>>> print(open('run35.tsv').read())   # TSV, C-alpha atoms and all ligand atoms
chain	number	residue	atom	x	y	z
A	1	MET	CA	-1.33	157.97	-46.00
A	2	GLU	CA	-3.87	159.54	-43.62
A	3	GLN	CA	-3.82	156.39	-41.48
A	4	ASP	CA	-0.06	156.06	-41.52
A	5	PRO	CA	1.47	159.54	-41.95
A	6	ILE	CA	5.17	160.14	-42.45
A	7	GLU	CA	6.79	161.87	-39.51
A	8	ASP	CA	9.24	164.64	-40.31
A	9	SER	CA	12.19	162.69	-38.87
A	10	LEU	CA	11.76	160.17	-41.74
A	11	ARG	CA	12.00	162.78	-44.48
A	12	GLY	CA	15.19	162.99	-46.52
A	13	TRP	CA	15.60	166.71	-45.78
A	14	ASN	CA	16.49	165.72	-42.20
A	15	TRP	CA	19.74	164.26	-43.55
A	16	ASP	CA	21.79	165.78	-40.70
A	17	LYS	CA	19.93	163.95	-37.91
A	18	PRO	CA	19.42	160.27	-37.04
A	19	PRO	CA	17.91	158.05	-38.32
A	20	ILE	CA	18.55	159.65	-41.74
A	21	ARG	CA	22.18	160.59	-40.99
A	22	PRO	CA	24.44	157.62	-41.84
A	23	ARG	CA	27.23	156.19	-39.67
A	24	ALA	CA	29.63	156.47	-42.59
A	25	TYR	CA	29.62	157.95	-46.08
A	26	LEU	CA	30.44	155.07	-48.41
A	27	ASN	CA	28.84	156.23	-51.66
A	28	LEU	CA	26.44	153.27	-51.80
A	29	GLY	CA	24.03	152.54	-54.65
A	30	VAL	CA	20.34	152.25	-53.75
A	31	SER	CA	20.30	148.82	-55.39
A	32	GLN	CA	23.26	147.67	-53.27
A	33	VAL	CA	21.37	148.58	-50.13
A	34	ALA	CA	17.84	147.57	-51.02
A	35	TYR	CA	18.00	144.59	-53.34
A	36	LYS	CA	18.76	141.51	-51.28
A	37	TYR	CA	19.16	139.03	-54.13
A	38	CYS	CA	22.11	137.43	-52.34
A	39	PRO	CA	20.83	135.89	-49.08
A	40	THR	CA	24.17	136.44	-47.23
A	41	ARG	CA	24.97	139.82	-48.88
A	42	ARG	CA	28.22	138.37	-50.15
A	43	ASP	CA	27.67	140.30	-53.39
A	44	ILE	CA	28.24	143.56	-51.48
A	45	TYR	CA	31.53	142.29	-50.05
A	46	LEU	CA	32.73	141.16	-53.50
A	47	ARG	CA	31.75	144.40	-55.18
A	48	TRP	CA	33.40	146.48	-52.46
A	49	ASN	CA	36.59	144.48	-53.03
A	50	ASN	CA	36.44	145.22	-56.76
A	51	VAL	CA	35.65	141.65	-57.83
A	52	LYS	CA	34.09	141.83	-61.26
A	53	GLY	CA	30.84	140.00	-61.89
A	54	CYS	CA	29.68	138.60	-65.21
A	55	ARG	CA	27.24	140.58	-67.37
A	56	ASN	CA	24.83	137.69	-67.80
A	57	ILE	CA	21.66	137.56	-69.92
A	58	PHE	CA	19.50	138.82	-67.01
A	59	LEU	CA	21.66	141.91	-66.52
A	60	ARG	CA	21.88	142.50	-70.26
A	61	ASN	CA	18.10	142.27	-70.72
A	62	GLY	CA	17.48	144.43	-67.64
A	63	SER	CA	19.76	147.14	-68.93
A	64	LEU	CA	18.18	147.04	-72.42
A	65	VAL	CA	14.67	147.30	-70.94
A	66	HIS	CA	15.76	150.49	-69.14
A	67	GLU	CA	17.23	151.88	-72.35
A	68	VAL	CA	14.05	151.08	-74.29
A	69	PHE	CA	11.94	152.97	-71.71
A	70	HIS	CA	14.30	155.93	-71.89
A	71	LEU	CA	14.31	155.94	-75.70
A	72	ALA	CA	10.51	155.58	-75.93
A	73	ASN	CA	10.08	158.47	-73.50
A	74	GLN	CA	12.46	160.71	-75.48
A	75	ASP	CA	10.83	159.87	-78.80
A	76	VAL	CA	7.22	160.43	-77.67
A	77	ARG	CA	8.21	163.67	-75.96
A	78	ARG	CA	10.01	164.96	-79.08
A	79	GLU	CA	7.06	164.22	-81.39
A	80	LEU	CA	4.33	165.59	-79.13
A	81	ILE	CA	6.27	168.73	-78.20
A	82	GLN	CA	6.63	169.46	-81.93
A	83	GLY	CA	2.84	169.51	-82.08
A	84	PHE	CA	2.16	166.31	-84.02
A	85	SER	CA	-1.20	164.67	-83.38
A	86	PRO	CA	-1.00	161.37	-81.43
A	87	TRP	CA	-1.52	159.21	-84.54
A	88	VAL	CA	1.04	161.10	-86.68
A	89	ALA	CA	3.48	161.02	-83.74
A	90	TYR	CA	3.08	157.25	-83.44
A	91	GLU	CA	3.41	156.72	-87.21
A	92	ASN	CA	6.68	158.71	-87.22
A	93	ILE	CA	8.00	156.76	-84.25
A	94	SER	CA	6.93	153.39	-85.62
A	95	ARG	CA	8.61	154.05	-88.98
A	96	ARG	CA	11.97	154.72	-87.32
A	97	ALA	CA	11.64	152.09	-84.57
A	98	VAL	CA	14.08	149.48	-85.93
A	99	LEU	CA	16.81	152.08	-86.54
A	100	ARG	CA	16.29	153.70	-83.15
A	101	LEU	CA	16.63	150.35	-81.38
A	102	LYS	CA	19.73	149.49	-83.39
A	103	LYS	CA	21.36	152.59	-81.91
A	104	ILE	CA	21.13	151.10	-78.42
A	105	GLY	CA	22.47	147.74	-79.60
A	106	VAL	CA	19.18	145.87	-80.12
A	107	ASN	CA	19.04	143.44	-83.01
A	108	VAL	CA	15.29	143.17	-83.61
A	109	GLU	CA	15.71	139.89	-85.51
A	110	LYS	CA	16.98	138.28	-82.30
A	111	ASP	CA	15.23	140.39	-79.69
A	112	GLY	CA	11.85	141.13	-81.25
A	113	TRP	CA	10.30	141.40	-77.78
A	114	LEU	CA	12.23	144.66	-77.22
A	115	LEU	CA	10.72	146.09	-80.42
A	116	ASP	CA	7.27	145.05	-79.12
A	117	LEU	CA	8.02	146.74	-75.81
A	118	TYR	CA	9.16	149.96	-77.52
A	119	LYS	CA	6.07	150.00	-79.78
A	120	SER	CA	3.58	149.26	-77.01
A	121	LEU	CA	5.05	151.99	-74.77
A	122	THR	CA	5.15	154.62	-77.52
A	123	LEU	CA	1.65	153.70	-78.73
A	124	SER	CA	0.05	154.04	-75.30
A	125	TRP	CA	1.96	157.22	-74.40
A	126	CYS	CA	1.10	158.83	-77.75
A	127	ALA	CA	-2.57	157.84	-77.35
A	128	ASP	CA	-2.65	159.40	-73.87
A	129	LYS	CA	-0.52	162.39	-74.96
A	130	TRP	CA	1.53	161.53	-71.91
A	131	ILE	CA	4.80	163.41	-71.56
A	132	GLY	CA	4.60	164.08	-67.85
A	133	PHE	CA	7.38	161.63	-67.09
A	134	ILE	CA	11.07	162.49	-66.80
A	135	SER	CA	13.32	159.50	-67.34
A	136	GLU	CA	16.81	158.94	-65.94
A	137	TYR	CA	16.75	161.66	-63.30
A	138	ARG	CA	20.08	162.15	-61.51
A	139	VAL	CA	20.24	162.90	-57.84
A	140	ASP	CA	23.00	163.38	-55.26
A	141	GLY	CA	22.38	160.94	-52.39
A	142	SER	CA	25.71	161.58	-50.61
A	143	PRO	CA	24.27	163.27	-47.47
A	144	LEU	CA	22.50	159.93	-46.82
A	145	GLY	CA	25.66	157.88	-47.35
A	146	LEU	CA	24.50	157.01	-50.87
A	147	SER	CA	26.09	157.70	-54.24
A	148	LYS	CA	26.60	161.26	-55.49
A	149	ASN	CA	25.25	160.11	-58.82
A	150	LEU	CA	22.08	158.09	-58.23
A	151	HIS	CA	19.91	157.42	-61.30
A	152	VAL	CA	16.17	157.44	-60.67
A	153	ASP	CA	14.46	155.55	-63.51
A	154	GLY	CA	11.68	158.10	-63.74
A	155	LEU	CA	9.72	160.89	-62.08
A	156	ALA	CA	6.06	161.42	-62.91
A	157	GLU	CA	3.76	164.34	-62.25
A	158	GLY	CA	2.79	164.66	-58.59
A	159	SER	CA	6.30	163.71	-57.35
A	160	VAL	CA	5.88	160.01	-58.09
A	161	VAL	CA	9.09	157.95	-58.20
A	162	ILE	CA	9.21	155.30	-60.94
A	163	GLU	CA	11.39	152.20	-60.84
A	164	ILE	CA	11.55	149.76	-63.74
A	165	LYS	CA	12.37	146.14	-63.01
A	166	TYR	CA	13.06	143.28	-65.38
A	167	GLY	CA	11.91	139.87	-64.15
A	168	ARG	CA	9.74	138.79	-61.27
A	169	PRO	CA	8.61	141.07	-58.43
A	170	TYR	CA	10.33	140.95	-55.04
A	171	ASP	CA	9.11	142.73	-51.92
A	172	PHE	CA	12.47	144.41	-51.45
A	173	HIS	CA	11.98	146.39	-54.68
A	174	LYS	CA	9.77	148.67	-52.57
A	175	LEU	CA	12.80	149.49	-50.42
A	176	GLY	CA	14.52	150.80	-53.53
A	177	LEU	CA	11.66	153.27	-54.02
A	178	ALA	CA	12.07	154.38	-50.40
A	179	GLY	CA	15.81	154.93	-50.97
A	180	TYR	CA	15.22	157.09	-54.02
A	181	ALA	CA	12.40	159.01	-52.31
A	182	LEU	CA	14.66	159.83	-49.35
A	183	ALA	CA	17.47	160.96	-51.66
A	184	LEU	CA	15.05	163.14	-53.69
A	185	GLU	CA	13.62	164.69	-50.53
A	186	CYS	CA	17.14	165.53	-49.41
A	187	PHE	CA	18.13	166.92	-52.82
A	188	LEU	CA	14.96	168.85	-53.68
A	189	GLU	CA	13.52	169.52	-50.19
A	190	ALA	CA	10.05	168.40	-51.33
A	191	PRO	CA	8.02	165.35	-50.26
A	192	PHE	CA	7.99	162.16	-52.35
A	193	ASP	CA	5.22	159.97	-50.95
A	194	TYR	CA	4.37	157.60	-53.77
A	195	GLY	CA	6.09	155.35	-56.23
A	196	ILE	CA	5.32	152.98	-59.06
A	197	LEU	CA	7.14	149.72	-59.73
A	198	ILE	CA	6.91	148.77	-63.39
A	199	TYR	CA	7.68	145.14	-64.12
A	200	VAL	CA	8.69	143.87	-67.54
A	201	SER	CA	9.19	140.20	-68.28
A	202	ASN	CA	9.44	138.17	-71.45
A	203	ASN	CA	8.52	134.62	-72.18
A	204	SER	CA	10.14	133.64	-75.49
A	205	SER	CA	8.66	136.29	-77.81
A	206	GLN	CA	5.84	137.50	-75.51
A	207	ILE	CA	6.23	140.56	-73.28
A	208	ASN	CA	4.36	141.23	-70.11
A	209	VAL	CA	4.24	144.69	-68.52
A	210	SER	CA	2.58	145.23	-65.16
A	211	TRP	CA	2.80	147.87	-62.49
A	212	GLU	CA	2.29	148.30	-58.79
A	213	PRO	CA	1.59	151.59	-57.01
A	214	VAL	CA	3.38	151.93	-53.66
A	215	TYR	CA	2.91	154.27	-50.71
A	216	ILE	CA	6.42	155.08	-49.46
A	217	SER	CA	5.39	154.55	-45.86
A	218	PRO	CA	7.26	155.11	-42.59
A	219	TYR	CA	7.82	151.32	-42.46
A	220	LEU	CA	9.52	151.22	-45.88
A	221	ARG	CA	11.66	154.24	-45.00
A	222	LYS	CA	12.81	152.64	-41.72
A	223	GLU	CA	13.51	149.33	-43.47
A	224	PHE	CA	15.64	151.08	-46.07
A	225	LEU	CA	17.59	153.02	-43.44
A	226	GLU	CA	18.17	149.82	-41.43
A	227	ALA	CA	19.36	148.02	-44.56
A	228	ARG	CA	21.73	150.93	-45.31
A	229	ASP	CA	23.19	150.77	-41.78
A	230	GLU	CA	23.61	146.98	-42.05
A	231	VAL	CA	25.49	147.38	-45.34
A	232	ILE	CA	27.73	150.06	-43.78
A	233	ASP	CA	28.47	147.73	-40.82
A	234	LEU	CA	29.19	144.83	-43.14
A	235	ILE	CA	31.67	146.87	-45.19
A	236	LEU	CA	33.39	148.44	-42.19
A	237	SER	CA	33.74	145.04	-40.46
A	238	GLU	CA	35.65	143.66	-43.49
A	239	ARG	CA	34.05	140.30	-42.67
A	240	GLU	CA	33.61	137.97	-45.65
A	241	PRO	CA	30.03	136.64	-45.75
A	242	PRO	CA	29.66	132.92	-46.55
A	243	ILE	CA	28.48	131.53	-49.88
A	244	ALA	CA	24.70	131.28	-49.82
A	245	ASP	CA	22.92	127.92	-49.91
A	246	PHE	CA	20.69	129.18	-52.66
A	247	CYS	CA	21.95	131.60	-55.31
A	248	PRO	CA	19.59	133.15	-57.84
A	249	GLU	CA	20.35	132.33	-61.44
A	250	SER	CA	20.65	136.03	-62.21
A	251	CYS	CA	23.53	136.67	-59.77
A	252	PRO	CA	26.56	138.02	-61.66
A	253	TYR	CA	28.93	136.38	-59.13
A	254	ARG	CA	27.90	132.78	-59.75
A	255	GLY	CA	31.13	132.19	-61.65
A	256	VAL	CA	33.12	133.54	-58.68
A	257	CYS	CA	31.36	131.83	-55.75
A	258	ARG	CA	30.11	128.54	-57.15
B	301	LIG	S1	26.77	133.56	-56.18
B	301	LIG	FE1	25.48	133.24	-54.37
B	301	LIG	S2	26.78	133.71	-52.60
B	301	LIG	FE2	27.79	134.54	-54.41
B	301	LIG	S3	27.13	136.64	-54.44
B	301	LIG	FE3	25.73	135.49	-55.75
B	301	LIG	S4	24.01	134.90	-54.47
B	301	LIG	FE4	25.69	135.55	-53.11
>>> encode(input="run35.tsv", output="structure tokens")
Amino acid sequence: MEQDPIEDSLRGWNWDKPPIRPRAYLNLGVSQVAYKYCPTRRDIYLRWNNVKGCRNIFLRNGSLVHEVFHLANQDVRRELIQGFSPWVAYENISRRAVLRLKKIGVNVEKDGWLLDLYKSLTLSWCADKWIGFISEYRVDGSPLGLSKNLHVDGLAEGSVVIEIKYGRPYDFHKLGLAGYALALECFLEAPFDYGILIYVSNNSSQINVSWEPVYISPYLRKEFLEARDEVIDLILSEREPPIADFCPESCPYRGVCR
């Protein structure tokens, strides 16, 4: 950060001046802007025109992974705040794990990897007595042309933005962190300089959790703002982008385009 400081013009609290001020206020999601899974951005056009995508296995698993993180965070927080020691807290959580997961629609017979994920998160957070993490933080990104109701996956002590991703890492995930950091700076008028990308993947019954710390640099901020302006131009132009040559398996519009 010392070598590459963030100039004030790239802070979200400068929402009323370019480059932060948007050309139009279209209520965009951070993921719509940042995550370029579709090479031609046709997914944005389809979504804007209310074409429904299919909730495929990738989207289902991704959404359940987020819910498991949220649930694990709530459960550890509840036990530790009540004053239980880490081992008693984990025993209580572990005993109720199957029922808790059932509440969010997880059948542990079929999706045992989600039970493993829940247990490994709660075990390590209990052991570290770690409750300094707020999950599912809501923020109004409308002054930046983003949604009024953005959901940040998590905020950790020291103003660290947390994003949870299911599947393989992509470079553009860092742009998502920049989008949330800008929205938080606008909303809370405080700097958000760092983020963590947490990756969860599963290979049959095995889970893999890894994480990457990210400095939300001037470059990432500019890239996010450029991507936002490109999306605004694309929507306002009403031009229909072509079908991509290569479509990721996870795209919910495969049944529409291909
Ligand atoms: S199916 Fe292909 S072209 Fe259509 S939105 Fe998805 S990635 Fe883009």
>>> axis_aligned_box(input="run35.tsv", around="ligand LIG 301 (chain B)", padding_each_side="5 Å", output="lines of an AutoDock Vina configuration file")
center_x = 25.9
center_y = 134.9
center_z = -54.4
size_x = 13.8
size_y = 13.4
size_z = 13.6
>>> residues_near_ligand(input="run35.tsv", ligand="ligand LIG 301 (chain B)", cutoff="7 Å", atoms="all atoms listed in the file", output="list in words")
Tyr37, Cys38, Pro39, Thr40, Arg41, Arg42, Asp43, Pro242, Ile243, Ala244, Phe246, Cys247, Pro248, Cys251, Pro252, Tyr253, Arg254, Val256, Cys257 and Arg258 of chain A
>>> residues_around(input="run35.tsv", residues="region 214-218 of chain A", least_positions_apart="3", cutoff="7 Å", atoms="all atoms listed in the file", output="list in words")
Ile6, Leu10, Ala178, Asp193, Tyr194, Gly195, Ile196, Arg221 and Lys222 of chain A
>>> closest_residue(input="run35.tsv", among="A:Val68, A:Asp111, A:Arg11, A:Asp4", to="Ala190 (chain A)", atoms="only C-alpha atoms")
A:Arg11
>>> residues_around(input="run35.tsv", residues="region 19-21 of chain A", least_positions_apart="4", cutoff="12 Å", atoms="only C-alpha atoms", output="ChimeraX atom specification")
/A:7-15,25,141-146,179,182-183,185-186,218,221-229
>>> atom_distance(input="run35.tsv", atom1="CA of Asn73 (chain A)", atom2="CA of Ile131 (chain A)")
7.5 Å
>>> atom_distance(input="run35.tsv", atom1="CA of Tyr219 (chain A)", atom2="CA of Ile235 (chain A)")
24.4 Å
>>> residues_around(input="run35.tsv", residues="Tyr170 (chain A)", least_positions_apart="4", cutoff="12 Å", atoms="only C-alpha atoms", output="PDB file with C-alpha atoms, keeping the file's coordinate frame")
ATOM      1  CA  ALA A  34      17.840 147.570 -51.020  1.00  0.00           C
ATOM      2  CA  TYR A  35      18.000 144.590 -53.340  1.00  0.00           C
ATOM      3  CA  LYS A  36      18.760 141.510 -51.280  1.00  0.00           C
ATOM      4  CA  TYR A  37      19.160 139.030 -54.130  1.00  0.00           C
ATOM      5  CA  LYS A 165      12.370 146.140 -63.010  1.00  0.00           C
ATOM      6  CA  TYR A 166      13.060 143.280 -65.380  1.00  0.00           C
ATOM      7  CA  LYS A 174       9.770 148.670 -52.570  1.00  0.00           C
ATOM      8  CA  LEU A 175      12.800 149.490 -50.420  1.00  0.00           C
ATOM      9  CA  GLY A 176      14.520 150.800 -53.530  1.00  0.00           C
ATOM     10  CA  LEU A 197       7.140 149.720 -59.730  1.00  0.00           C
ATOM     11  CA  ILE A 198       6.910 148.770 -63.390  1.00  0.00           C
ATOM     12  CA  TYR A 199       7.680 145.140 -64.120  1.00  0.00           C
ATOM     13  CA  GLU A 212       2.290 148.300 -58.790  1.00  0.00           C
TER      14      GLU A 212
END
>>> closest_residue(input="run35.tsv", among="A:Ala24, A:Gly167, A:Asn61, A:Tyr180", to="Asp140 (chain A)", atoms="all atoms listed in the file")
A:Tyr180
>>> closest_residue(input="run35.tsv", among="A:Arg77, A:Gly158, A:Val88, A:Asp116", to="Lys129 (chain A)", atoms="all atoms listed in the file")
A:Arg77
>>> residues_around(input="run35.tsv", residues="Ser63 (chain A)", least_positions_apart="4", cutoff="12 Å", atoms="only C-alpha atoms", output="PyMOL selection string")
chain A and resi 55-59+67-70+104-106+114+153+164-167+200
>>> write_last_selection(input="run35.tsv", atoms="C-alpha atoms", output="short mmCIF file (atom, residue, chain, number, x, y, z; two decimals), keeping the file's coordinate frame")
data_model
loop_
_atom_site.label_atom_id
_atom_site.label_comp_id
_atom_site.auth_asym_id
_atom_site.auth_seq_id
_atom_site.Cartn_x
_atom_site.Cartn_y
_atom_site.Cartn_z
CA ARG A 55 27.24 140.58 -67.37
CA ASN A 56 24.83 137.69 -67.80
CA ILE A 57 21.66 137.56 -69.92
CA PHE A 58 19.50 138.82 -67.01
CA LEU A 59 21.66 141.91 -66.52
CA GLU A 67 17.23 151.88 -72.35
CA VAL A 68 14.05 151.08 -74.29
CA PHE A 69 11.94 152.97 -71.71
CA HIS A 70 14.30 155.93 -71.89
CA ILE A 104 21.13 151.10 -78.42
CA GLY A 105 22.47 147.74 -79.60
CA VAL A 106 19.18 145.87 -80.12
CA LEU A 114 12.23 144.66 -77.22
CA ASP A 153 14.46 155.55 -63.51
CA ILE A 164 11.55 149.76 -63.74
CA LYS A 165 12.37 146.14 -63.01
CA TYR A 166 13.06 143.28 -65.38
CA GLY A 167 11.91 139.87 -64.15
CA VAL A 200 8.69 143.87 -67.54
#
>>> closest_residue(input="run35.tsv", among="A:Asp16, A:Asp233, A:Glu238, A:Glu163", to="His151 (chain A)", atoms="all atoms listed in the file")
A:Glu163
>>> atom_distance(input="run35.tsv", atom1="CA of Glu136 (chain A)", atom2="CA of Leu46 (chain A)")
26.9 Å
